[in-house]
>>> print(open('upload05.txt').read())   # compact mmCIF, C-alpha atoms
# COMPACT_ATOMS: atom_id res chain seq x y z
CA MET A 1 23.40 -31.64 32.03
CA ALA A 2 24.45 -34.00 29.34
CA SER A 3 26.92 -32.70 26.81
CA ASN A 4 25.75 -35.07 24.11
CA PRO A 5 24.27 -32.82 21.39
CA MET A 6 21.61 -35.42 20.67
CA TYR A 7 20.43 -35.40 24.25
CA GLN A 8 18.07 -32.49 23.55
CA PHE A 9 15.96 -34.76 21.34
CA ASN A 10 15.23 -37.28 24.07
CA VAL A 11 11.61 -37.92 24.79
CA TYR A 12 10.68 -38.70 28.36
CA ARG A 13 7.55 -39.25 30.31
CA ILE A 14 5.97 -36.40 32.26
CA GLY A 15 3.66 -37.56 34.98
CA PRO A 16 2.26 -41.08 35.26
CA GLU A 17 2.46 -43.79 32.68
CA ILE A 18 -0.74 -43.95 30.68
CA LYS A 19 -1.52 -47.21 28.95
CA LEU A 20 -4.27 -47.75 26.44
CA GLY A 21 -4.48 -51.50 26.24
CA ALA A 22 -0.99 -52.61 25.39
CA VAL A 23 0.25 -49.28 23.97
CA ASP A 24 1.95 -46.54 25.91
CA ILE A 25 0.39 -43.14 25.34
CA SER A 26 2.00 -41.36 28.28
CA PHE A 27 2.21 -37.59 28.30
CA THR A 28 5.77 -36.67 27.32
CA ASN A 29 7.77 -33.53 26.79
CA ALA A 30 6.92 -33.81 23.08
CA SER A 31 3.22 -33.88 23.95
CA LEU A 32 3.75 -30.90 26.23
CA PHE A 33 5.21 -28.82 23.44
CA MET A 34 2.50 -29.89 21.03
CA VAL A 35 -0.04 -28.67 23.57
CA ILE A 36 1.87 -25.44 24.16
CA SER A 37 2.09 -24.72 20.45
CA SER A 38 -1.57 -25.45 19.83
CA LEU A 39 -2.64 -23.41 22.83
CA ALA A 40 -0.44 -20.51 21.79
CA ILE A 41 -1.93 -20.56 18.30
CA LEU A 42 -5.46 -20.75 19.64
CA ILE A 43 -4.93 -17.98 22.19
CA ILE A 44 -3.18 -15.61 19.81
CA PHE A 45 -5.64 -16.09 16.98
CA ASN A 46 -8.64 -16.05 19.26
CA LEU A 47 -7.53 -12.73 20.71
CA GLY A 48 -6.84 -11.51 17.20
CA ALA A 49 -10.29 -12.51 15.98
CA LYS A 50 -12.25 -11.32 18.97
CA LYS A 51 -12.32 -7.61 18.33
CA LYS A 52 -14.01 -6.36 15.22
CA THR A 53 -12.54 -2.95 14.72
CA LEU A 54 -12.08 -1.23 11.40
CA ILE A 55 -8.52 -0.33 12.29
CA PRO A 56 -6.95 -3.49 13.72
CA ASP A 57 -4.75 -3.59 16.81
CA LYS A 58 -1.49 -5.55 16.87
CA LEU A 59 -2.85 -9.03 17.49
CA GLN A 60 -5.71 -8.54 15.08
CA LEU A 61 -3.31 -7.32 12.43
CA LEU A 62 -1.09 -10.34 13.08
CA SER A 63 -3.92 -12.80 12.69
CA GLU A 64 -5.36 -11.08 9.67
CA LEU A 65 -1.99 -10.82 7.98
CA SER A 66 -1.36 -14.53 8.59
CA TYR A 67 -4.80 -15.29 7.22
CA SER A 68 -4.22 -13.33 4.02
CA PHE A 69 -0.67 -14.70 3.74
CA VAL A 70 -1.85 -18.30 3.80
CA ALA A 71 -4.85 -17.52 1.61
CA LYS A 72 -2.61 -15.92 -0.99
CA MET A 73 -0.16 -18.82 -0.81
CA ILE A 74 -2.97 -21.30 -1.48
CA SER A 75 -4.59 -19.34 -4.28
CA ASP A 76 -1.21 -18.78 -5.93
CA THR A 77 -0.18 -22.44 -5.90
CA ALA A 78 -3.41 -24.44 -5.95
CA GLY A 79 -5.94 -22.02 -7.40
CA SER A 80 -9.46 -21.23 -6.23
CA LYS A 81 -10.49 -24.89 -6.07
CA ALA A 82 -8.33 -25.33 -2.96
CA LYS A 83 -10.46 -22.93 -0.88
CA PRO A 84 -12.18 -25.71 1.12
CA TYR A 85 -8.79 -26.91 2.33
CA PHE A 86 -7.74 -23.47 3.53
CA SER A 87 -8.35 -24.14 7.21
CA PHE A 88 -6.36 -27.38 7.12
CA ILE A 89 -3.36 -25.77 5.46
CA PHE A 90 -3.62 -22.80 7.77
CA SER A 91 -3.63 -25.09 10.84
CA LEU A 92 -0.77 -27.12 9.41
CA PHE A 93 1.35 -24.09 8.65
CA MET A 94 0.70 -22.51 12.03
CA PHE A 95 1.29 -25.77 13.90
CA VAL A 96 4.61 -26.44 12.22
CA LEU A 97 5.65 -22.80 12.50
CA PHE A 98 4.83 -22.60 16.20
CA CYS A 99 6.48 -25.94 16.96
CA ASN A 100 9.61 -24.79 15.15
CA MET A 101 9.59 -21.42 16.88
CA PHE A 102 8.99 -22.85 20.35
CA GLY A 103 11.89 -25.16 19.67
CA MET A 104 14.11 -22.09 19.38
CA ILE A 105 13.62 -21.27 23.05
CA PRO A 106 16.61 -22.62 25.01
CA TYR A 107 15.86 -25.91 26.81
CA ALA A 108 12.64 -26.25 24.88
CA PHE A 109 11.79 -29.37 22.95
CA THR A 110 11.36 -29.23 19.19
CA VAL A 111 8.38 -31.33 18.22
CA THR A 112 9.18 -31.18 14.53
CA SER A 113 12.69 -32.55 15.04
CA HIS A 114 11.18 -36.01 15.39
CA ILE A 115 10.75 -38.02 12.24
CA ILE A 116 7.68 -39.77 13.56
CA VAL A 117 5.78 -36.49 14.01
CA THR A 118 6.66 -35.06 10.61
CA PHE A 119 6.08 -38.42 8.99
CA VAL A 120 2.60 -38.73 10.44
CA LEU A 121 1.76 -35.24 9.18
CA ALA A 122 3.24 -35.97 5.75
CA ALA A 123 1.55 -39.37 5.53
CA PHE A 124 -1.77 -37.83 6.46
CA ILE A 125 -1.30 -35.18 3.75
CA PHE A 126 -0.25 -37.85 1.24
CA ILE A 127 -3.22 -40.09 1.95
CA GLY A 128 -5.62 -37.16 2.03
CA VAL A 129 -4.34 -35.76 -1.26
CA THR A 130 -4.54 -39.20 -2.91
CA ILE A 131 -8.12 -39.67 -1.71
CA ILE A 132 -9.05 -36.17 -2.95
CA GLY A 133 -7.45 -36.92 -6.30
CA PHE A 134 -9.33 -40.17 -6.77
CA MET A 135 -12.57 -38.57 -5.60
CA LYS A 136 -12.25 -35.67 -8.04
CA HIS A 137 -11.03 -37.57 -11.08
CA GLY A 138 -11.84 -41.22 -10.39
CA LEU A 139 -9.40 -43.53 -12.08
CA GLY A 140 -8.42 -40.61 -14.28
CA TYR A 141 -6.18 -39.52 -11.44
CA LEU A 142 -3.79 -42.26 -12.57
CA LYS A 143 -3.06 -40.04 -15.59
CA LEU A 144 -0.85 -38.14 -13.17
CA PHE A 145 1.73 -40.89 -13.74
CA VAL A 146 1.52 -40.64 -17.52
CA PRO A 147 2.87 -37.29 -18.65
CA SER A 148 1.67 -36.19 -22.07
CA GLY A 149 4.11 -35.78 -24.94
CA VAL A 150 6.44 -38.58 -23.91
CA PRO A 151 7.55 -41.04 -26.61
CA MET A 152 6.07 -44.51 -26.28
CA VAL A 153 9.46 -46.08 -25.84
CA LEU A 154 10.20 -44.09 -22.73
CA LEU A 155 6.71 -44.35 -21.29
CA PRO A 156 7.21 -47.43 -19.07
CA LEU A 157 10.33 -45.94 -17.57
CA ILE A 158 8.68 -42.54 -17.03
CA VAL A 159 5.62 -44.12 -15.42
CA VAL A 160 7.81 -46.06 -13.01
CA ILE A 161 9.78 -42.93 -12.14
CA GLU A 162 6.59 -40.93 -11.66
CA ILE A 163 5.12 -43.58 -9.37
CA ILE A 164 8.28 -43.73 -7.31
CA SER A 165 8.45 -39.94 -7.03
CA TYR A 166 4.80 -39.84 -6.05
CA LEU A 167 5.24 -42.50 -3.39
CA SER A 168 8.35 -40.83 -2.00
CA ARG A 169 6.50 -37.58 -1.43
CA PRO A 170 5.62 -38.25 2.22
CA ILE A 171 9.17 -39.35 2.93
CA SER A 172 10.78 -36.34 1.29
CA LEU A 173 8.28 -34.01 2.92
CA SER A 174 8.78 -35.41 6.40
CA VAL A 175 12.54 -35.92 6.18
CA ARG A 176 13.07 -32.37 4.89
CA LEU A 177 11.44 -30.80 7.92
CA PHE A 178 12.82 -33.28 10.46
CA ALA A 179 16.39 -33.16 9.14
CA ASN A 180 16.45 -29.37 8.95
CA MET A 181 15.25 -28.97 12.48
CA MET A 182 17.47 -31.69 13.90
CA ALA A 183 20.59 -30.53 12.11
CA GLY A 184 20.09 -26.93 13.13
CA HIS A 185 19.51 -27.73 16.77
CA THR A 186 22.38 -30.19 16.89
CA MET A 187 24.72 -27.64 15.39
CA MET A 188 23.65 -25.01 17.91
CA LYS A 189 24.19 -27.47 20.71
CA VAL A 190 27.64 -28.38 19.38
CA PHE A 191 28.70 -24.77 19.16
CA GLY A 192 27.25 -24.13 22.60
CA GLY A 193 29.39 -26.99 23.89
CA PHE A 194 32.45 -25.43 22.26
CA VAL A 195 31.80 -22.18 24.13
CA ILE A 196 31.98 -24.05 27.42
CA SER A 197 35.00 -26.20 26.56
CA LEU A 198 37.06 -23.33 25.10
CA GLY A 199 36.27 -21.13 28.06
CA ILE A 200 36.68 -17.37 28.36
CA VAL A 201 39.75 -17.26 26.09
CA GLY A 202 38.66 -19.05 22.94
CA GLY A 203 34.96 -19.27 23.54
CA TRP A 204 34.12 -16.02 21.81
CA LEU A 205 34.29 -17.40 18.30
CA PRO A 206 31.83 -20.26 18.83
CA LEU A 207 29.67 -17.88 20.86
CA SER A 208 29.40 -15.44 17.97
CA PHE A 209 28.78 -18.40 15.71
CA SER A 210 26.03 -19.54 18.05
CA VAL A 211 24.42 -16.10 17.92
CA ALA A 212 24.54 -16.08 14.13
CA LEU A 213 23.19 -19.63 14.02
CA THR A 214 20.27 -18.62 16.22
CA GLY A 215 19.26 -16.05 13.66
CA LEU A 216 19.70 -18.54 10.87
CA GLU A 217 17.71 -21.16 12.72
CA ILE A 218 14.82 -18.77 13.26
CA LEU A 219 14.85 -18.15 9.53
CA VAL A 220 14.98 -21.89 8.88
CA ALA A 221 12.14 -22.46 11.34
CA PHE A 222 9.93 -20.10 9.38
CA LEU A 223 11.15 -21.26 6.01
CA GLN A 224 10.61 -24.95 6.71
CA ALA A 225 7.09 -24.32 7.94
CA TYR A 226 6.46 -22.33 4.77
CA VAL A 227 7.99 -25.06 2.58
CA PHE A 228 5.94 -27.70 4.32
CA ALA A 229 2.74 -25.76 3.74
CA ILE A 230 3.54 -24.80 0.17
CA LEU A 231 4.47 -28.37 -0.79
CA THR A 232 1.14 -29.46 0.65
CA CYS A 233 -0.48 -26.86 -1.58
CA ILE A 234 1.41 -28.15 -4.59
CA TYR A 235 0.39 -31.75 -3.92
CA LEU A 236 -3.16 -30.54 -3.47
CA ASN A 237 -2.89 -28.69 -6.75
CA ASP A 238 -1.88 -31.92 -8.48
CA ALA A 239 -4.92 -33.64 -7.04
CA LEU A 240 -7.37 -30.80 -7.82
CA ASN A 241 -6.15 -29.68 -11.24
CA LEU A 242 -4.79 -32.58 -13.23
CA HIS A 243 -2.21 -30.87 -15.41
CA HIS A 244 -0.63 -33.78 -17.19
CA MET B 1 -1.95 -14.14 30.47
CA LEU B 2 -0.32 -15.86 27.54
CA LYS B 3 3.10 -15.01 28.85
CA LYS B 4 2.24 -16.38 32.28
CA ILE B 5 1.03 -19.66 30.84
CA VAL B 6 4.08 -20.02 28.66
CA ILE B 7 6.44 -19.24 31.51
CA LEU B 8 4.62 -21.65 33.84
CA LEU B 9 4.74 -24.47 31.33
CA PHE B 10 8.32 -23.65 30.57
CA VAL B 11 9.31 -23.83 34.22
CA THR B 12 7.55 -27.16 34.77
CA CYS B 13 9.17 -28.53 31.66
CA PHE B 14 12.56 -27.39 32.85
CA ALA B 15 12.00 -29.00 36.22
CA CYS B 16 11.01 -32.24 34.54
CA PHE B 17 14.04 -32.01 32.33
CA ASN B 18 16.31 -31.84 35.33
CA THR B 19 14.62 -34.50 37.40
CA VAL B 20 13.98 -37.06 34.71
CA PHE B 21 17.19 -38.38 33.31
CA ALA B 22 16.68 -40.66 30.40
CA ALA B 23 19.33 -43.20 29.60
CA GLU B 24 21.76 -42.07 26.97
CA SER B 25 21.59 -44.55 24.18
CA GLY B 26 24.16 -42.79 22.05
CA GLY B 27 22.18 -43.00 18.82
CA MET B 28 19.45 -40.76 17.54
CA PRO B 29 16.60 -40.53 20.05
CA GLN B 30 14.30 -39.98 17.08
CA LEU B 31 14.76 -43.61 16.03
CA ASN B 32 13.89 -44.98 19.43
CA PRO B 33 10.34 -46.29 18.98
CA GLU B 34 9.54 -46.27 22.68
CA PHE B 35 7.38 -43.13 22.51
CA TRP B 36 6.32 -43.22 18.87
CA ILE B 37 2.76 -44.26 19.61
CA SER B 38 2.49 -41.64 22.32
CA GLN B 39 3.78 -38.94 20.01
CA ILE B 40 1.36 -39.97 17.25
CA PHE B 41 -1.50 -40.07 19.73
CA TRP B 42 -0.78 -36.64 21.15
CA LEU B 43 -0.11 -35.19 17.72
CA ILE B 44 -3.52 -36.36 16.54
CA ILE B 45 -5.20 -34.97 19.64
CA THR B 46 -3.50 -31.58 19.69
CA PHE B 47 -3.53 -31.04 15.96
CA GLY B 48 -7.10 -32.30 15.74
CA ILE B 49 -8.30 -29.90 18.42
CA LEU B 50 -6.30 -27.07 16.86
CA PHE B 51 -7.77 -27.80 13.43
CA ILE B 52 -11.35 -28.10 14.67
CA VAL B 53 -11.24 -24.95 16.80
CA LEU B 54 -9.54 -22.94 14.07
CA THR B 55 -12.01 -24.14 11.45
CA LYS B 56 -15.18 -23.78 13.48
CA VAL B 57 -14.49 -20.74 15.61
CA ILE B 58 -11.51 -18.62 14.80
CA LEU B 59 -11.03 -18.58 11.03
CA PRO B 60 -14.66 -17.69 10.23
CA LYS B 61 -14.32 -14.74 12.58
CA ILE B 62 -11.15 -13.55 10.92
CA SER B 63 -12.57 -13.93 7.44
CA ASP B 64 -15.71 -12.14 8.63
CA ASN B 65 -13.59 -9.30 9.92
CA LEU B 66 -11.72 -9.07 6.66
CA GLU B 67 -14.93 -9.15 4.64
CA THR B 68 -16.61 -6.46 6.70
CA ARG B 69 -13.54 -4.31 6.50
CA LYS B 70 -13.37 -4.76 2.74
CA SER B 71 -17.04 -3.92 2.27
CA GLN B 72 -16.81 -0.97 4.61
CA ILE B 73 -13.80 0.38 2.79
CA LEU B 74 -15.58 -0.03 -0.53
CA GLU B 75 -18.60 1.74 0.89
CA ASN B 76 -16.44 4.54 2.20
CA ILE B 77 -14.75 4.89 -1.17
CA GLU B 78 -18.16 5.06 -2.80
CA THR B 79 -19.34 7.80 -0.45
CA ALA B 80 -16.10 9.63 -0.96
CA ASP B 81 -16.58 9.45 -4.70
CA LYS B 82 -20.12 10.70 -4.38
CA GLN B 83 -19.04 13.55 -2.18
CA LYS B 84 -16.25 14.38 -4.56
CA GLU B 85 -18.74 14.55 -7.41
CA GLU B 86 -21.00 16.76 -5.36
CA SER B 87 -18.20 19.07 -4.44
CA GLN B 88 -17.17 19.22 -8.08
CA LYS B 89 -20.70 20.21 -8.95
CA LYS B 90 -20.65 22.87 -6.28
CA ILE B 91 -17.35 24.16 -7.56
CA ASP B 92 -18.75 24.34 -11.07
CA GLU B 93 -21.78 26.21 -9.81
CA TYR B 94 -19.61 28.58 -7.89
CA GLU B 95 -17.44 29.23 -10.90
CA LYS B 96 -20.48 29.86 -13.02
CA ILE B 97 -21.79 32.35 -10.49
CA ILE B 98 -18.45 34.08 -10.41
CA LEU B 99 -18.30 34.21 -14.20
CA ASP B 100 -21.86 35.55 -14.40
CA SER B 101 -21.21 38.21 -11.85
CA LYS B 102 -18.03 39.17 -13.63
CA LEU B 103 -19.90 39.54 -16.91
CA LYS B 104 -22.60 41.54 -15.17
CA ALA B 105 -20.04 43.80 -13.59
CA LYS B 106 -18.43 44.34 -16.96
CA SER B 107 -21.72 45.19 -18.59
CA TYR B 108 -22.56 47.60 -15.76
CA PHE B 109 -19.19 49.17 -16.18
CA ASN B 110 -19.60 49.46 -19.91
CA GLU B 111 -23.05 50.96 -19.55
CA ALA B 112 -21.83 53.49 -17.07
CA ARG B 113 -18.89 54.32 -19.27
CA GLU B 114 -21.09 54.80 -22.32
CA LYS B 115 -23.40 56.99 -20.36
CA ILE B 116 -20.58 59.10 -19.09
CA LEU B 117 -18.98 59.26 -22.53
CA ASP B 118 -22.31 60.31 -24.02
CA ASP B 119 -22.68 62.94 -21.38
CA ILE B 120 -19.18 64.18 -21.97
CA ASN B 121 -19.69 64.26 -25.72
CA LYS B 122 -22.93 66.14 -25.38
CA LYS B 123 -21.44 68.64 -23.03
CA ARG B 124 -18.39 68.98 -25.18
CA ALA B 125 -20.56 69.53 -28.27
CA ALA B 126 -22.56 72.22 -26.47
CA LEU B 127 -19.39 73.81 -25.22
CA GLU B 128 -17.82 73.70 -28.65
CA LYS B 129 -20.89 75.24 -30.18
CA ASP B 130 -20.78 78.03 -27.62
CA LEU B 131 -17.11 78.50 -28.23
CA ASP B 132 -17.57 78.57 -32.00
CA GLU B 133 -20.26 81.17 -31.67
CA GLU B 134 -18.12 83.25 -29.44
CA ILE B 135 -15.16 82.84 -31.75
CA ASP B 136 -17.32 83.85 -34.69
CA GLU B 137 -18.51 86.89 -32.85
CA VAL B 138 -15.04 87.86 -31.87
CA GLU B 139 -13.81 87.30 -35.41
CA LYS B 140 -16.59 89.42 -36.75
CA GLU B 141 -15.76 92.10 -34.25
CA LEU B 142 -12.13 91.83 -35.22
CA SER B 143 -12.83 92.05 -38.91
CA ASP B 144 -15.14 94.98 -38.26
CA LEU B 145 -12.46 96.61 -36.26
CA LYS B 146 -9.93 95.86 -38.98
CA ASN B 147 -12.15 97.38 -41.69
CA LYS B 148 -12.96 100.31 -39.58
CA SER B 149 -9.35 100.80 -38.62
CA GLY B 150 -8.37 100.85 -42.33
CA GLU B 151 -10.87 103.56 -43.04
CA LYS B 152 -9.80 105.46 -40.00
CA ILE B 153 -6.18 105.13 -40.96
CA ASN B 154 -7.01 106.43 -44.45
CA LYS B 155 -8.94 109.29 -42.97
CA ILE B 156 -6.12 110.16 -40.57
CA ALA B 157 -3.63 109.80 -43.42
CA ALA B 158 -5.74 112.14 -45.59
CA GLU B 159 -6.07 114.67 -42.81
CA THR B 160 -2.38 114.52 -41.95
CA SER B 161 -1.38 114.84 -45.60
CA ALA B 162 -3.78 117.79 -46.02
CA GLU B 163 -2.21 119.46 -43.03
CA LEU B 164 1.29 118.66 -44.34
CA ILE B 165 0.47 119.98 -47.76
CA LYS B 166 -1.02 123.12 -46.20
CA GLU B 167 2.09 123.66 -44.20
CA LEU B 168 4.33 122.97 -47.18
CA ILE B 169 2.49 124.88 -49.84
CA GLY B 170 0.34 127.24 -47.80
CA GLU B 171 -2.66 126.38 -49.85
CA GLU B 172 -5.69 124.54 -49.06
CA VAL B 173 -6.10 121.42 -51.09
CA ASN B 174 -9.37 119.75 -51.65
CA SER B 175 -9.61 117.18 -49.01
CA SER B 176 -11.58 114.72 -51.15
CA SER B 177 -8.83 114.55 -53.78
CA ILE B 178 -6.28 113.85 -51.07
CA ALA B 179 -8.43 111.14 -49.74
CA ALA B 180 -8.59 109.63 -53.20
CA ILE B 181 -4.84 109.68 -53.55
CA VAL B 182 -4.34 108.10 -50.12
CA GLU B 183 -6.79 105.45 -51.08
CA ASP B 184 -4.95 104.77 -54.29
CA GLN B 185 -1.66 104.54 -52.48
CA SER B 186 -2.89 102.20 -49.89
CA LYS B 187 -4.47 100.10 -52.63
CA ILE B 188 -1.18 99.93 -54.50
CA LYS B 189 0.60 98.92 -51.31
CA ARG B 190 -1.90 96.29 -50.61
CA GLU B 191 -1.57 94.96 -54.15
CA ARG B 192 2.16 94.87 -53.80
CA LYS B 193 1.84 93.03 -50.58
CA ASP B 194 -0.53 90.59 -52.18
CA VAL B 195 1.85 90.05 -55.05
>>> encode(input="upload05.txt", output="structure tokens")
Amino acid sequence: MASNPMYQFNVYRIGPEIKLGAVDISFTNASLFMVISSLAILIIFNLGAKKKTLIPDKLQLLSELSYSFVAKMISDTAGSKAKPYFSFIFSLFMFVLFCNMFGMIPYAFTVTSHIIVTFVLAAFIFIGVTIIGFMKHGLGYLKLFVPSGVPMVLLPLIVVIEIISYLSRPISLSVRLFANMMAGHTMMKVFGGFVISLGIVGGWLPLSFSVALTGLEILVAFLQAYVFAILTCIYLNDALNLHH
Amino acid sequence: MLKKIVILLFVTCFACFNTVFAAESGGMPQLNPEFWISQIFWLIITFGILFIVLTKVILPKISDNLETRKSQILENIETADKQKEESQKKIDEYEKIILDSKLKAKSYFNEAREKILDDINKKRAALEKDLDEEIDEVEKELSDLKNKSGEKINKIAAETSAELIKELIGEEVNSSSIAAIVEDQSKIKRERKDV
């Protein structure tokens, strides 16, 4: 086992090499954990939705609570107009949450610790939100970059800043999730390595640190999924209800 | 079942992890573009399937469940309200009946009491009348006796004084004059007493 703390992020092929034309789309450990996460979500929520009892059992309660949690989050941040996008945000939140949580299992791979994955999600959200904005408001959506009540002198500067902040949304969104996950897992790996190298005498301190970090990382895993989803809601809110 | 699947996948992954040994590049594996396309491809597939199945199958069911539960709870609350109203009505009715019967009982009681009081008064009046009559009779008798006794006393006094005088003087005195004297004396005494 490699002691390099970055080793856990390596992607490697599982099974044969699959080529689609010139590009390599082989099944990797990252793909495996994407499949596991999706399957887990589908199985849990399918079981939770199957029974229709007045008093829910545990799985049903779990799925219904998640449903109302996400629904409330969307209606609080983006209003009632965002209802059609509920299922997308729900899937997004659950996917990120499950990927983060599966990453907490020792030796598991964290899908969301890869910038390419989070960036594709964020870019998709960014493009989707921009398209929704232009479809709802036409060219009026460009008013988003012109805040009201700004003196004319400052306007060019403000518009430039607004455009830059708007364009950096996918980057900030993806880097936030990726960096949080990577840093947390790296730190846990480093402390785990300390336990081994310090041995039975001095290993207790990093071990207790590792235990505490595990709790923290589970919190971060949930929190980052929540932040990811709620930022999506906020971007959606900008596109649906032009406030400026 | 879920646990089994997870454990199975986990074990295979672990085995792969041990057998496949990727070259250590030293930098961040995230920036190695070798598997970027593959990751994007599989992300689109898995997330796409997840999204479609959740949207088409699972979420409508959950929202259905929530809706039915909400409506059922509202219905139940409505029935409960109705039943509460009904029970309130019944309670009112019951209280009215109790109040009525109480009033009735009171009136019965009062009637009976009046009747009994009337009876008692009547009987008492009759009894008092009887008693008054008797008392009158007795008083009359007493006064008769008193009058008679006065006369008798005078008579006895006259006789005794006649006898006394006869003994003292040895002469017979006219009894009528003695009687007159006794009468006078007793009158004087009575007057004195009255004064």
>>> atom_distance(input="upload05.txt", atom1="atom CA of A:Leu216", atom2="atom CA of A:Asn180")
11.5 Å
>>> atom_distance(input="upload05.txt", atom1="atom CA of B:Met28", atom2="atom CA of A:Tyr7")
8.6 Å
>>> atom_distance(input="upload05.txt", atom1="atom CA of B:Gly170", atom2="atom CA of B:Ser149")
29.6 Å
>>> interface_residues(input="upload05.txt", of="chain A", to="chain B", cutoff="8 Å", atoms="all atoms listed in the file", output="number ranges by chain")
A: 1, 6-7, 9-12, 14, 23-31, 34-36, 38-43, 45-46, 48-50, 52, 54, 63-64, 67, 87-88, 91, 95, 107-108, 113-117, 120
>>> residues_around(input="upload05.txt", residues="A:Ser174", least_positions_apart="2", cutoff="8 Å", atoms="all atoms listed in the file", output="number ranges by chain")
A: 115, 118-119, 121-122, 170-172, 176-178
>>> residues_around(input="upload05.txt", residues="B:Asn154", least_positions_apart="4", cutoff="9 Å", atoms="all atoms listed in the file", output="count of residues only")
8
>>> residues_around(input="upload05.txt", residues="stretch 71-80 of chain A", least_positions_apart="4", cutoff="8 Å", atoms="all atoms listed in the file", output="PyMOL selection string")
chain A and resi 67+86+230+233-234+236-237+240-241
>>> closest_residue(input="upload05.txt", among="A:Val175, A:Ala225, A:Leu20, A:Leu205", to="A:Ala123", atoms="all atoms listed in the file")
A:Val175
>>> residues_around(input="upload05.txt", residues="A:Ile218", least_positions_apart="6", cutoff="12 Å", atoms="all atoms listed in the file", output="PyMOL selection string")
chain A and resi 97-105+180-181+184-185+188+211-212+224-225
>>> closest_residue(input="upload05.txt", among="A:Phe191, A:Asp238, A:Phe90, A:Gly149", to="A:Lys136", atoms="all atoms listed in the file")
A:Asp238
>>> closest_residue(input="upload05.txt", among="A:Leu62, A:Ala82, A:Ala179, A:Val190", to="A:Leu47", atoms="all atoms listed in the file")
A:Leu62
